[in-house]
$ cat start27.tsv   # TSV, C-alpha atoms and all ligand atoms
chain	number	residue	atom	x	y	z
A	1	MET	CA	25.26	7.29	24.89
A	2	SER	CA	24.14	4.27	22.92
A	3	SER	CA	22.54	4.78	19.51
A	4	PRO	CA	19.06	3.44	18.87
A	5	ALA	CA	18.35	0.18	17.09
A	6	GLY	CA	18.11	0.34	13.31
A	7	ILE	CA	20.40	1.41	10.54
A	8	ARG	CA	21.20	5.05	9.89
A	9	ALA	CA	23.07	5.66	6.66
A	10	ARG	CA	24.01	9.05	5.27
A	11	PHE	CA	26.31	9.25	2.26
A	12	LYS	CA	27.13	11.95	-0.23
A	13	LEU	CA	29.36	11.44	-3.21
A	14	ASP	CA	30.03	13.22	-6.49
A	15	TYR	CA	31.18	11.37	-9.55
A	16	PRO	CA	31.32	13.23	-12.86
A	17	GLY	CA	27.74	12.94	-14.11
A	18	PHE	CA	26.42	11.15	-11.02
A	19	ALA	CA	25.61	12.70	-7.66
A	20	PHE	CA	24.83	10.26	-4.86
A	21	ASP	CA	23.10	11.72	-1.83
A	22	VAL	CA	21.12	9.53	0.55
A	23	ASP	CA	20.02	9.85	4.15
A	24	LEU	CA	18.23	6.70	5.26
A	25	GLU	CA	16.76	5.32	8.45
A	26	LEU	CA	16.18	1.62	8.01
A	27	PRO	CA	14.88	-1.05	10.34
A	28	GLY	CA	17.46	-3.07	12.24
A	29	ARG	CA	15.86	-6.38	11.28
A	30	GLY	CA	14.09	-7.97	8.33
A	31	VAL	CA	14.79	-7.57	4.64
A	32	THR	CA	15.11	-4.11	3.12
A	33	ALA	CA	14.93	-4.29	-0.67
A	34	VAL	CA	16.94	-1.66	-2.51
A	35	PHE	CA	15.08	-1.14	-5.73
A	36	GLY	CA	15.68	1.18	-8.66
A	37	PRO	CA	16.70	1.42	-12.29
A	38	SER	CA	20.15	0.58	-13.56
A	39	GLY	CA	22.64	3.26	-12.56
A	40	SER	CA	20.47	4.65	-9.74
A	41	GLY	CA	23.11	3.91	-7.10
A	42	LYS	CA	22.10	0.60	-5.54
A	43	THR	CA	25.56	-0.96	-5.59
A	44	THR	CA	27.07	2.38	-4.57
A	45	LEU	CA	24.90	2.33	-1.44
A	46	LEU	CA	26.00	-1.20	-0.54
A	47	ARG	CA	29.65	-0.37	-1.19
A	48	CYS	CA	29.40	2.65	1.13
A	49	VAL	CA	27.75	0.49	3.82
A	50	ALA	CA	30.44	-2.17	3.42
A	51	GLY	CA	33.20	0.44	3.69
A	52	LEU	CA	34.47	-0.46	0.21
A	53	LEU	CA	33.85	3.14	-0.76
A	54	ARG	CA	35.03	5.79	1.66
A	55	VAL	CA	32.79	8.82	1.51
A	56	PRO	CA	34.37	11.72	3.41
A	57	ALA	CA	31.27	13.06	5.17
A	58	GLY	CA	29.42	9.79	5.60
A	59	HIS	CA	27.66	8.41	8.63
A	60	LEU	CA	26.69	4.83	9.38
A	61	THR	CA	25.38	3.16	12.51
A	62	VAL	CA	24.09	-0.40	12.55
A	63	ASN	CA	21.98	-1.41	15.54
A	64	GLY	CA	23.88	0.79	17.93
A	65	GLU	CA	27.37	0.33	16.48
A	66	THR	CA	28.97	3.24	14.69
A	67	TRP	CA	30.89	2.12	11.62
A	68	GLN	CA	31.51	5.59	10.22
A	69	GLU	CA	31.29	9.06	11.72
A	70	GLY	CA	33.55	12.06	11.16
A	71	SER	CA	37.12	10.80	11.03
A	72	HIS	CA	36.14	7.40	12.45
A	73	PHE	CA	36.00	4.86	9.63
A	74	GLN	CA	35.90	1.17	10.42
A	75	PRO	CA	37.61	-0.63	7.53
A	76	THR	CA	35.66	-3.32	5.68
A	77	HIS	CA	37.50	-6.24	7.29
A	78	ARG	CA	36.55	-4.95	10.75
A	79	ARG	CA	32.85	-4.57	9.91
A	80	PRO	CA	30.82	-7.62	10.96
A	81	LEU	CA	28.99	-8.01	7.67
A	82	GLY	CA	28.40	-10.63	5.03
A	83	TYR	CA	28.45	-9.57	1.38
A	84	VAL	CA	27.21	-11.79	-1.46
A	85	PHE	CA	27.43	-10.60	-5.04
A	86	GLN	CA	25.83	-11.69	-8.28
A	87	GLU	CA	28.54	-14.24	-8.93
A	88	ALA	CA	29.58	-16.30	-5.92
A	89	SER	CA	33.28	-15.86	-5.19
A	90	LEU	CA	34.12	-19.19	-3.60
A	91	PHE	CA	37.69	-20.42	-3.33
A	92	PRO	CA	38.00	-22.85	-6.26
A	93	HIS	CA	40.71	-24.99	-4.62
A	94	LEU	CA	38.66	-25.64	-1.47
A	95	THR	CA	35.69	-27.96	-1.09
A	96	VAL	CA	32.36	-26.57	0.06
A	97	ARG	CA	33.29	-27.62	3.60
A	98	GLY	CA	36.64	-25.83	3.25
A	99	ASN	CA	34.91	-22.68	2.04
A	100	LEU	CA	32.49	-22.78	4.96
A	101	ASP	CA	35.30	-23.38	7.47
A	102	TYR	CA	37.09	-20.36	6.07
A	103	GLY	CA	34.06	-18.16	6.78
A	104	MET	CA	33.60	-19.55	10.26
A	105	LYS	CA	37.23	-19.32	11.34
A	106	ARG	CA	37.23	-15.57	10.75
A	107	VAL	CA	35.13	-15.27	13.90
A	108	PRO	CA	36.33	-16.16	17.43
A	109	VAL	CA	34.39	-19.11	18.89
A	110	ALA	CA	32.73	-17.00	21.61
A	111	GLU	CA	31.30	-14.61	19.00
A	112	ARG	CA	29.83	-17.22	16.67
A	113	LYS	CA	26.09	-16.80	16.40
A	114	VAL	CA	25.31	-19.17	13.54
A	115	SER	CA	26.54	-22.74	13.85
A	116	LEU	CA	27.86	-24.76	10.92
A	117	ASP	CA	24.92	-27.15	11.16
A	118	ARG	CA	22.43	-24.32	11.19
A	119	ALA	CA	23.92	-22.64	8.12
A	120	ILE	CA	24.09	-25.96	6.28
A	121	GLY	CA	20.48	-26.72	7.23
A	122	LEU	CA	19.13	-23.28	6.35
A	123	LEU	CA	20.66	-23.37	2.90
A	124	GLY	CA	20.14	-27.09	2.26
A	125	ILE	CA	23.74	-27.82	1.28
A	126	GLY	CA	24.53	-30.86	3.44
A	127	HIS	CA	24.92	-33.11	0.39
A	128	LEU	CA	27.41	-30.78	-1.28
A	129	LEU	CA	30.08	-30.54	1.42
A	130	ASP	CA	32.76	-32.61	-0.29
A	131	ARG	CA	32.40	-31.04	-3.72
A	132	LYS	CA	34.53	-28.30	-5.19
A	133	PRO	CA	32.81	-25.14	-6.51
A	134	GLU	CA	33.36	-26.21	-10.14
A	135	GLY	CA	31.06	-29.19	-9.49
A	136	LEU	CA	28.16	-27.00	-8.31
A	137	SER	CA	25.32	-25.38	-10.23
A	138	GLY	CA	25.01	-21.58	-10.12
A	139	GLY	CA	22.19	-21.82	-7.57
A	140	GLU	CA	24.15	-24.21	-5.37
A	141	ARG	CA	27.19	-21.92	-5.51
A	142	GLN	CA	25.07	-18.99	-4.34
A	143	ARG	CA	23.63	-21.05	-1.49
A	144	VAL	CA	27.14	-21.97	-0.36
A	145	ALA	CA	28.24	-18.32	-0.65
A	146	ILE	CA	25.29	-17.21	1.51
A	147	ALA	CA	26.00	-19.96	4.06
A	148	ARG	CA	29.64	-18.88	4.18
A	149	ALA	CA	28.57	-15.27	4.73
A	150	LEU	CA	26.25	-16.35	7.57
A	151	LEU	CA	29.07	-18.27	9.24
A	152	THR	CA	30.97	-15.03	9.74
A	153	SER	CA	28.14	-14.20	12.23
A	154	PRO	CA	27.41	-10.92	10.49
A	155	ARG	CA	25.39	-8.16	12.06
A	156	LEU	CA	24.30	-7.11	8.60
A	157	LEU	CA	23.96	-9.10	5.39
A	158	LEU	CA	24.39	-7.36	2.04
A	159	LEU	CA	23.03	-9.25	-0.95
A	160	ASP	CA	23.69	-7.56	-4.30
A	161	GLU	CA	21.49	-9.22	-6.92
A	162	PRO	CA	22.40	-12.68	-5.63
A	163	LEU	CA	20.06	-14.38	-8.09
A	164	ALA	CA	20.63	-12.21	-11.15
A	165	ALA	CA	22.99	-14.63	-12.87
A	166	LEU	CA	20.60	-17.57	-12.45
A	167	ASP	CA	17.90	-18.78	-14.81
A	168	LEU	CA	14.29	-18.84	-13.72
A	169	ALA	CA	14.35	-22.46	-12.58
A	170	ARG	CA	17.45	-21.95	-10.38
A	171	LYS	CA	15.89	-18.77	-8.97
A	172	GLN	CA	12.75	-20.63	-8.00
A	173	GLU	CA	14.94	-23.25	-6.37
A	174	ILE	CA	16.86	-20.78	-4.22
A	175	LEU	CA	14.04	-18.41	-3.21
A	176	PRO	CA	12.60	-20.76	-0.56
A	177	TYR	CA	16.02	-20.83	1.14
A	178	LEU	CA	16.13	-17.04	1.19
A	179	GLU	CA	12.63	-17.05	2.65
A	180	ARG	CA	13.84	-19.31	5.42
A	181	LEU	CA	16.65	-16.90	6.20
A	182	HIS	CA	14.11	-14.14	6.31
A	183	ASP	CA	11.84	-16.05	8.69
A	184	GLU	CA	14.45	-17.57	10.98
A	185	LEU	CA	17.33	-15.14	11.29
A	186	GLU	CA	17.46	-11.89	13.14
A	187	ILE	CA	20.18	-10.46	10.91
A	188	PRO	CA	19.06	-7.42	8.93
A	189	VAL	CA	19.50	-7.79	5.17
A	190	LEU	CA	19.96	-5.14	2.48
A	191	TYR	CA	18.86	-6.84	-0.71
A	192	VAL	CA	19.53	-5.23	-4.09
A	193	SER	CA	17.29	-6.56	-6.80
A	194	HIS	CA	15.74	-5.64	-10.11
A	195	ALA	CA	13.32	-8.53	-9.90
A	196	PRO	CA	9.80	-7.70	-8.71
A	197	ASP	CA	9.00	-11.29	-7.76
A	198	GLU	CA	12.00	-11.48	-5.41
A	199	VAL	CA	11.13	-8.18	-3.80
A	200	ALA	CA	7.47	-9.17	-3.44
A	201	ARG	CA	8.39	-12.42	-1.75
A	202	LEU	CA	11.20	-11.30	0.52
A	203	ALA	CA	11.07	-7.63	1.39
A	204	ASP	CA	9.58	-6.05	4.50
A	205	HIS	CA	10.86	-2.61	3.75
A	206	LEU	CA	11.62	-0.83	0.48
A	207	VAL	CA	14.15	1.79	-0.51
A	208	VAL	CA	13.59	3.18	-3.97
A	209	LEU	CA	16.58	4.89	-5.55
A	210	GLU	CA	16.51	7.14	-8.57
A	211	ALA	CA	19.50	9.00	-10.02
A	212	GLY	CA	21.52	8.74	-6.81
A	213	GLY	CA	18.76	9.78	-4.40
A	214	ALA	CA	16.18	7.89	-2.34
A	215	VAL	CA	12.72	8.80	-3.66
A	216	ALA	CA	11.00	6.60	-1.10
A	217	ALA	CA	11.81	4.50	1.92
A	218	GLY	CA	9.30	2.75	4.13
A	219	PRO	CA	7.45	-0.45	4.98
A	220	MET	CA	6.70	-2.39	1.81
A	221	VAL	CA	2.92	-2.48	2.10
A	222	GLU	CA	2.56	1.27	2.63
A	223	THR	CA	5.24	2.19	0.12
A	224	LEU	CA	3.68	0.13	-2.66
A	225	ALA	CA	0.31	1.74	-1.91
A	226	ARG	CA	1.64	5.27	-2.39
A	227	LEU	CA	0.02	6.92	-5.37
A	228	ASP	CA	2.81	9.45	-5.84
A	229	LEU	CA	5.41	6.80	-6.59
A	230	PRO	CA	5.74	5.06	-9.89
A	231	ILE	CA	6.68	1.72	-8.34
A	232	ARG	CA	5.66	-1.27	-10.31
A	233	LEU	CA	6.33	-4.63	-8.74
A	234	GLY	CA	5.42	-6.61	-11.78
A	235	GLU	CA	3.40	-5.51	-14.73
A	236	ASP	CA	1.13	-3.11	-12.87
A	237	ALA	CA	0.79	-0.97	-9.78
A	238	GLY	CA	-0.53	-2.94	-6.86
A	239	VAL	CA	0.05	-4.02	-3.30
A	240	VAL	CA	1.68	-6.98	-1.65
A	241	LEU	CA	0.07	-7.98	1.65
A	242	GLU	CA	1.14	-10.34	4.39
A	243	GLY	CA	-1.38	-12.72	5.85
A	244	THR	CA	-2.03	-16.20	7.13
A	245	ILE	CA	-4.14	-19.01	5.71
A	246	ALA	CA	-7.34	-18.92	7.79
A	247	GLU	CA	-9.32	-21.68	6.10
A	248	ARG	CA	-9.18	-24.09	3.21
A	249	ASP	CA	-12.15	-24.88	1.04
A	250	GLU	CA	-11.22	-28.26	-0.42
A	251	ARG	CA	-14.36	-28.56	-2.47
A	252	TRP	CA	-13.67	-25.44	-4.52
A	253	GLN	CA	-9.90	-25.52	-4.14
A	254	LEU	CA	-9.86	-22.12	-2.49
A	255	ALA	CA	-8.20	-20.70	0.59
A	256	ARG	CA	-9.17	-17.77	2.78
A	257	VAL	CA	-6.24	-15.53	3.68
A	258	ASP	CA	-6.47	-13.19	6.64
A	259	CYS	CA	-4.46	-10.02	6.05
A	260	SER	CA	-4.60	-7.93	9.25
A	261	GLY	CA	-8.29	-8.62	9.70
A	262	THR	CA	-9.30	-8.35	6.03
A	263	ASP	CA	-10.06	-11.68	4.36
A	264	PHE	CA	-9.42	-12.60	0.75
A	265	TRP	CA	-10.31	-15.78	-1.08
A	266	VAL	CA	-7.49	-17.05	-3.27
A	267	ARG	CA	-6.76	-20.11	-5.32
A	268	GLU	CA	-5.44	-22.91	-3.14
A	269	GLY	CA	-1.67	-23.09	-2.79
A	270	GLY	CA	-1.46	-26.28	-0.71
A	271	HIS	CA	-0.72	-24.43	2.54
A	272	ALA	CA	-2.24	-25.51	5.86
A	273	PRO	CA	-4.24	-23.09	8.03
A	274	GLY	CA	-1.93	-20.88	10.05
A	275	HIS	CA	0.73	-20.79	7.32
A	276	ALA	CA	2.14	-17.29	6.67
A	277	VAL	CA	1.72	-16.19	3.06
A	278	ARG	CA	1.92	-13.10	0.91
A	279	VAL	CA	-0.65	-12.07	-1.64
A	280	ARG	CA	-0.40	-9.62	-4.50
A	281	ILE	CA	-3.33	-7.54	-5.69
A	282	LEU	CA	-2.87	-5.55	-8.89
A	283	ALA	CA	-4.70	-2.28	-9.42
A	284	ARG	CA	-6.18	-3.49	-12.69
A	285	ASP	CA	-7.89	-6.40	-10.89
A	286	VAL	CA	-9.78	-4.13	-8.51
A	287	SER	CA	-13.00	-2.33	-9.39
A	288	ILE	CA	-15.29	-0.20	-7.26
A	289	ALA	CA	-19.05	-0.38	-6.64
A	290	LEU	CA	-21.36	1.64	-4.41
A	291	ASN	CA	-23.42	-1.40	-3.44
A	292	ARG	CA	-22.55	-4.97	-2.71
A	293	ALA	CA	-23.33	-6.98	-5.82
A	294	THR	CA	-25.12	-10.21	-5.00
A	295	ASP	CA	-25.05	-11.80	-8.42
A	296	SER	CA	-21.41	-11.25	-9.32
A	297	SER	CA	-18.81	-13.88	-10.17
A	298	ILE	CA	-16.30	-11.94	-8.09
A	299	LEU	CA	-15.47	-13.70	-4.82
A	300	ASN	CA	-13.94	-10.81	-2.99
A	301	ILE	CA	-16.35	-7.93	-2.45
A	302	ILE	CA	-15.15	-6.00	0.57
A	303	PRO	CA	-16.32	-2.76	2.22
A	304	ALA	CA	-13.75	-0.03	1.68
A	305	GLU	CA	-13.11	3.67	2.06
A	306	VAL	CA	-11.72	5.90	-0.67
A	307	ILE	CA	-8.52	7.49	0.63
A	308	GLU	CA	-6.96	9.26	-2.33
A	309	LEU	CA	-7.25	9.60	-6.10
A	310	ARG	CA	-4.57	10.34	-8.65
A	311	GLU	CA	-4.88	10.80	-12.38
A	312	GLU	CA	-2.68	8.53	-14.42
A	313	ALA	CA	-0.63	9.26	-17.52
A	314	HIS	CA	-3.60	8.41	-19.71
A	315	PRO	CA	-6.29	11.01	-18.99
A	316	ALA	CA	-9.07	8.39	-19.06
A	317	GLN	CA	-7.68	6.56	-16.03
A	318	VAL	CA	-7.45	7.20	-12.33
A	319	LEU	CA	-5.63	5.27	-9.63
A	320	VAL	CA	-7.64	5.08	-6.42
A	321	LYS	CA	-6.23	4.18	-3.02
A	322	LEU	CA	-8.72	2.33	-0.85
A	323	LYS	CA	-8.55	1.11	2.72
A	324	LEU	CA	-10.17	-2.20	3.49
A	325	GLY	CA	-10.12	-1.95	7.26
A	326	ALA	CA	-6.42	-1.30	7.88
A	327	THR	CA	-5.36	-2.76	4.56
A	328	PRO	CA	-4.48	-0.50	1.63
A	329	VAL	CA	-5.38	-1.63	-1.89
A	330	LEU	CA	-5.09	0.22	-5.21
A	331	ALA	CA	-7.82	0.22	-7.87
A	332	ARG	CA	-7.61	1.45	-11.44
A	333	VAL	CA	-10.86	2.86	-12.77
A	334	THR	CA	-11.86	5.27	-15.52
A	335	ARG	CA	-12.30	8.97	-14.86
A	336	ARG	CA	-15.87	8.52	-16.09
A	337	SER	CA	-16.54	6.00	-13.30
A	338	VAL	CA	-14.99	8.32	-10.73
A	339	ASP	CA	-17.47	10.94	-11.87
A	340	ALA	CA	-20.45	8.59	-12.15
A	341	LEU	CA	-19.90	7.05	-8.69
A	342	GLY	CA	-18.94	10.34	-7.07
A	343	LEU	CA	-15.66	8.93	-5.76
A	344	VAL	CA	-14.02	11.34	-3.34
A	345	PRO	CA	-11.84	10.75	-0.29
A	346	GLY	CA	-13.94	9.46	2.60
A	347	ARG	CA	-16.61	7.82	0.40
A	348	GLN	CA	-17.68	4.35	1.56
A	349	VAL	CA	-17.65	1.86	-1.31
A	350	TYR	CA	-17.10	-1.82	-2.08
A	351	ALA	CA	-13.85	-3.06	-3.56
A	352	GLN	CA	-14.46	-5.87	-6.02
A	353	ILE	CA	-11.30	-7.87	-6.37
A	354	LYS	CA	-11.19	-10.14	-9.32
A	355	ALA	CA	-7.89	-11.84	-8.74
A	356	VAL	CA	-5.65	-12.20	-5.74
A	357	ALA	CA	-2.39	-13.98	-6.41
A	358	LEU	CA	-0.80	-16.08	-3.71
A	359	ILE	CA	2.90	-15.40	-4.15
A	360	ALA	CA	4.59	-17.29	-1.35
B	401	LIG	N1	34.26	4.93	-9.83
B	401	LIG	C1	33.29	5.57	-10.50
B	401	LIG	N2	33.53	6.67	-11.19
B	401	LIG	C2	32.54	7.34	-11.83
B	401	LIG	N3	31.26	6.94	-11.85
B	401	LIG	C3	30.96	5.84	-11.17
B	401	LIG	C4	31.94	5.08	-10.46
B	401	LIG	N4	31.34	4.04	-9.87
B	401	LIG	C5	30.02	4.12	-10.20
B	401	LIG	N5	29.81	5.19	-10.99
B	401	LIG	C6	28.50	5.60	-11.53
B	401	LIG	O1	27.57	5.65	-10.49
B	401	LIG	C7	26.28	5.34	-10.97
B	401	LIG	C8	25.60	4.34	-10.05
B	401	LIG	O2	26.23	3.08	-10.14
B	401	LIG	P1	25.71	1.83	-9.33
B	401	LIG	O3	26.59	0.68	-9.69
B	401	LIG	O4	25.59	2.18	-7.90
B	401	LIG	O5	24.26	1.65	-9.94
B	401	LIG	P2	23.22	0.47	-9.74
B	401	LIG	O6	21.94	1.11	-9.34
B	401	LIG	O7	23.78	-0.55	-8.81
B	401	LIG	O8	23.12	-0.06	-11.22
B	401	LIG	P3	22.88	-1.57	-11.80
B	401	LIG	O9	21.48	-1.90	-11.48
B	401	LIG	O10	23.11	-1.36	-13.26
B	401	LIG	O11	23.89	-2.46	-11.15
B	401	LIG	C9	26.45	4.86	-12.39
B	401	LIG	O12	26.05	5.87	-13.27
B	401	LIG	C10	27.93	4.59	-12.49
B	401	LIG	O13	28.39	4.80	-13.80

$ encode --input "start27.tsv" --output "structure tokens"
Amino acid sequence: MSSPAGIRARFKLDYPGFAFDVDLELPGRGVTAVFGPSGSGKTTLLRCVAGLLRVPAGHLTVNGETWQEGSHFQPTHRRPLGYVFQEASLFPHLTVRGNLDYGMKRVPVAERKVSLDRAIGLLGIGHLLDRKPEGLSGGERQRVAIARALLTSPRLLLLDEPLAALDLARKQEILPYLERLHDELEIPVLYVSHAPDEVARLADHLVVLEAGGAVAAGPMVETLARLDLPIRLGEDAGVVLEGTIAERDERWQLARVDCSGTDFWVREGGHAPGHAVRVRILARDVSIALNRATDSSILNIIPAEVIELREEAHPAQVLVKLKLGATPVLARVTRRSVDALGLVPGRQVYAQIKAVALIA
């Protein structure tokens, strides 16, 4: 019997003072961000998946292939995966080309899925091929390390804080390459990161770890919109939505973004109509009205339904989940406003969205 597509990972491990116990069903494609505080078990999860840690009663299948079950344990070198850590571990005596060849030659010709040219093109490293690692910047080294991992034709890519050692400028330089991988490759990626901006730009799916357990796992949009989770991608609760540029308004330097049928006006980002983008809407930028204001400075006033309310740590404030068509958005309002407007689940209102940030 063949196993279904997707990744099924079940691991249980007891260190003194740290119990790790996860049972995850993850999609077999796209980027799954593994998010959580320091010491929550993110690297432990990746090490279990890679087979670097052998957990006695673990289970792992990746898109139909069983890598661990009962006494069956496929050792790391027999798992078709690419692993890139915080610090790229390139061979210092080999040129970039030599490092890439090394990755590629580990795979028989018939099984190669990513060609040398493709990997070089995706990561933009064609001009670096004759250099040695010591002559590369941190960002360039990481790009070479990712290209080398791709050349092993992995069926799973594990990226453990690949940008953490880089400064902001280098991060900004490498993120577009990671976005290209996301858009163009079918290989599923588990991406450990502390950085909200990386997660917001790259992830399709989120796993949130806390003290060795998964407190949430699901599609990014829905998971960020959950009121019972204290996830903050950035300085506030909020959602990240995927959409496409529907229209540009050159006169006012604005663009209309269509997110699953709900339109938002945003500041222009130079993208042509049809371009796929992500937008971030923070709860503090959303207010609620019972009627559509006609004399407001707010561009985005959208019919919405109240779905759920949850009191916040400060008793004056309430977080409200709204649905704008199929699109969830969070709003932060005062408890007094909840009372004054009679906000209860099912109530039809208008979401007034002051700022929508175009993030990629
Ligand atoms: N070999 C070990 N023996 C005992 N405890 C360990 C061992 N390896 C890891 N731990 C503990 O397991 C916990 C989780 O570690 P892990 O590296 O997975 O966390 P993390 O979420 O990746 O953290 P960070 O974000 O700081 O990298 C930590 O408390 C760590 O001290």

$ closest_atom_pairs --input "start27.tsv" --of "chain A" --to "ligand LIG 401 (chain B)" --cutoff "10 Å" --atoms "only C-alpha atoms and all ligand atoms" --output "Markdown table"
| residue | atom | partner | partner_atom | distance |
| --- | --- | --- | --- | --- |
| A:Leu13 | CA | B:LIG401 | O1 | 9.5 |
| A:Asp14 | CA | B:LIG401 | C2 | 8.3 |
| A:Tyr15 | CA | B:LIG401 | C2 | 4.8 |
| A:Pro16 | CA | B:LIG401 | C2 | 6.1 |
| A:Gly17 | CA | B:LIG401 | N3 | 7.3 |
| A:Phe18 | CA | B:LIG401 | O1 | 5.6 |
| A:Ala19 | CA | B:LIG401 | O1 | 7.8 |
| A:Phe20 | CA | B:LIG401 | O1 | 7.8 |
| A:Val34 | CA | B:LIG401 | O6 | 8.9 |
| A:Phe35 | CA | B:LIG401 | O6 | 8.1 |
| A:Gly36 | CA | B:LIG401 | O6 | 6.3 |
| A:Pro37 | CA | B:LIG401 | O9 | 5.9 |
| A:Ser38 | CA | B:LIG401 | O9 | 3.5 |
| A:Gly39 | CA | B:LIG401 | O5 | 3.5 |
| A:Ser40 | CA | B:LIG401 | O6 | 3.9 |
| A:Gly41 | CA | B:LIG401 | O4 | 3.1 |
| A:Lys42 | CA | B:LIG401 | O6 | 3.8 |
| A:Thr43 | CA | B:LIG401 | O7 | 3.7 |
| A:Thr44 | CA | B:LIG401 | O4 | 3.6 |
| A:Leu45 | CA | B:LIG401 | O4 | 6.5 |
| A:Leu46 | CA | B:LIG401 | O4 | 8.1 |
| A:Arg47 | CA | B:LIG401 | O4 | 8.2 |
| A:Cys48 | CA | B:LIG401 | O4 | 9.8 |
| A:Leu53 | CA | B:LIG401 | N1 | 9.3 |
| A:Gln86 | CA | B:LIG401 | O11 | 9.9 |
| A:Asp160 | CA | B:LIG401 | O7 | 8.3 |
| A:Glu161 | CA | B:LIG401 | O11 | 8.3 |
| A:Val192 | CA | B:LIG401 | O7 | 7.9 |
| A:Ser193 | CA | B:LIG401 | O9 | 7.8 |
| A:His194 | CA | B:LIG401 | O9 | 7.0 |
| A:Leu209 | CA | B:LIG401 | O6 | 7.6 |
| A:Glu210 | CA | B:LIG401 | O6 | 8.2 |
| A:Ala211 | CA | B:LIG401 | C8 | 7.7 |
| A:Gly212 | CA | B:LIG401 | C8 | 6.8 |

$ closest_residue --input "start27.tsv" --among "A:Leu156, A:Leu166, A:Val356, A:Val344" --to "Glu186 (chain A)" --atoms "all atoms listed in the file"
A:Leu156

$ closest_atom_pairs --input "start27.tsv" --of "region 167-241 of chain A" --to "region 129-139 of chain A" --cutoff "8 Å" --atoms "all atoms listed in the file" --output "Markdown table"
| residue | atom | partner | partner_atom | distance |
| --- | --- | --- | --- | --- |
| A:Arg170 | CA | A:Gly139 | CA | 5.5 |
| A:Lys171 | CA | A:Gly139 | CA | 7.1 |
| A:Glu173 | CA | A:Gly139 | CA | 7.5 |
| A:Ile174 | CA | A:Gly139 | CA | 6.4 |

$ atom_distance --input "start27.tsv" --atom1 "CA of His59 (chain A)" --atom2 "CA of Arg79 (chain A)"
14.0 Å

$ closest_residue --input "start27.tsv" --among "A:Ile359, A:Leu224, A:Ala200, A:Leu158" --to "Ala276 (chain A)" --atoms "all atoms listed in the file"
A:Ile359

$ closest_residue --input "start27.tsv" --among "A:Glu65, A:Asp258, A:Asp183, A:Asp236" --to "Ile281 (chain A)" --atoms "only C-alpha atoms"
A:Asp236

$ atom_distance --input "start27.tsv" --atom1 "CA of Val266 (chain A)" --atom2 "CA of Val349 (chain A)"
21.6 Å

$ residues_around --input "start27.tsv" --residues "Phe73 (chain A)" --least-positions-apart "4" --cutoff "9 Å" --atoms "all atoms listed in the file" --output "ChimeraX atom specification"
/A:51,54,66-69

$ closest_residue --input "start27.tsv" --among "A:Ile245, A:Ala313, A:Ala9, A:Val221" --to "His275 (chain A)" --atoms "only C-alpha atoms"
A:Ile245

$ atom_distance --input "start27.tsv" --atom1 "CA of Thr262 (chain A)" --atom2 "CA of Ile302 (chain A)"
8.3 Å

$ closest_residue --input "start27.tsv" --among "A:Gly103, A:Gly82, A:Gly238, A:Pro56" --to "Ala355 (chain A)" --atoms "all atoms listed in the file"
A:Gly238

$ closest_atom_pairs --input "start27.tsv" --of "region 32-81 of chain A" --to "region 104-126 of chain A" --cutoff "12 Å" --atoms "all atoms listed in the file" --output "CSV"
residue,atom,partner,partner_atom,distance
A:His77,CA,A:Arg106,CA,10.0
A:Arg78,CA,A:Arg106,CA,10.6
A:Arg79,CA,A:Val107,CA,11.6
A:Pro80,CA,A:Val107,CA,9.3
A:Leu81,CA,A:Val107,CA,11.4

$ closest_residue --input "start27.tsv" --among "A:Asp197, A:Leu330, A:Asp339, A:Ala289" --to "Thr223 (chain A)" --atoms "only C-alpha atoms"
A:Leu330

$ residues_near_point --input "start27.tsv" --point "(18.3, 5.4, 5.7)" --cutoff "12 Å" --atoms "all atoms listed in the file" --output "VMD selection string"
chain A and resid 6 to 11 21 to 28 32 34 45 to 46 49 58 to 62 190 205 to 209 213 to 218

$ write_last_selection --input "start27.tsv" --atoms "C-alpha atoms" --output "tab-separated table (two decimals), in the frame of the given file"
chain	number	residue	atom	x	y	z
A	6	GLY	CA	18.11	0.34	13.31
A	7	ILE	CA	20.40	1.41	10.54
A	8	ARG	CA	21.20	5.05	9.89
A	9	ALA	CA	23.07	5.66	6.66
A	10	ARG	CA	24.01	9.05	5.27
A	11	PHE	CA	26.31	9.25	2.26
A	21	ASP	CA	23.10	11.72	-1.83
A	22	VAL	CA	21.12	9.53	0.55
A	23	ASP	CA	20.02	9.85	4.15
A	24	LEU	CA	18.23	6.70	5.26
A	25	GLU	CA	16.76	5.32	8.45
A	26	LEU	CA	16.18	1.62	8.01
A	27	PRO	CA	14.88	-1.05	10.34
A	28	GLY	CA	17.46	-3.07	12.24
A	32	THR	CA	15.11	-4.11	3.12
A	34	VAL	CA	16.94	-1.66	-2.51
A	45	LEU	CA	24.90	2.33	-1.44
A	46	LEU	CA	26.00	-1.20	-0.54
A	49	VAL	CA	27.75	0.49	3.82
A	58	GLY	CA	29.42	9.79	5.60
A	59	HIS	CA	27.66	8.41	8.63
A	60	LEU	CA	26.69	4.83	9.38
A	61	THR	CA	25.38	3.16	12.51
A	62	VAL	CA	24.09	-0.40	12.55
A	190	LEU	CA	19.96	-5.14	2.48
A	205	HIS	CA	10.86	-2.61	3.75
A	206	LEU	CA	11.62	-0.83	0.48
A	207	VAL	CA	14.15	1.79	-0.51
A	208	VAL	CA	13.59	3.18	-3.97
A	209	LEU	CA	16.58	4.89	-5.55
A	213	GLY	CA	18.76	9.78	-4.40
A	214	ALA	CA	16.18	7.89	-2.34
A	215	VAL	CA	12.72	8.80	-3.66
A	216	ALA	CA	11.00	6.60	-1.10
A	217	ALA	CA	11.81	4.50	1.92
A	218	GLY	CA	9.30	2.75	4.13
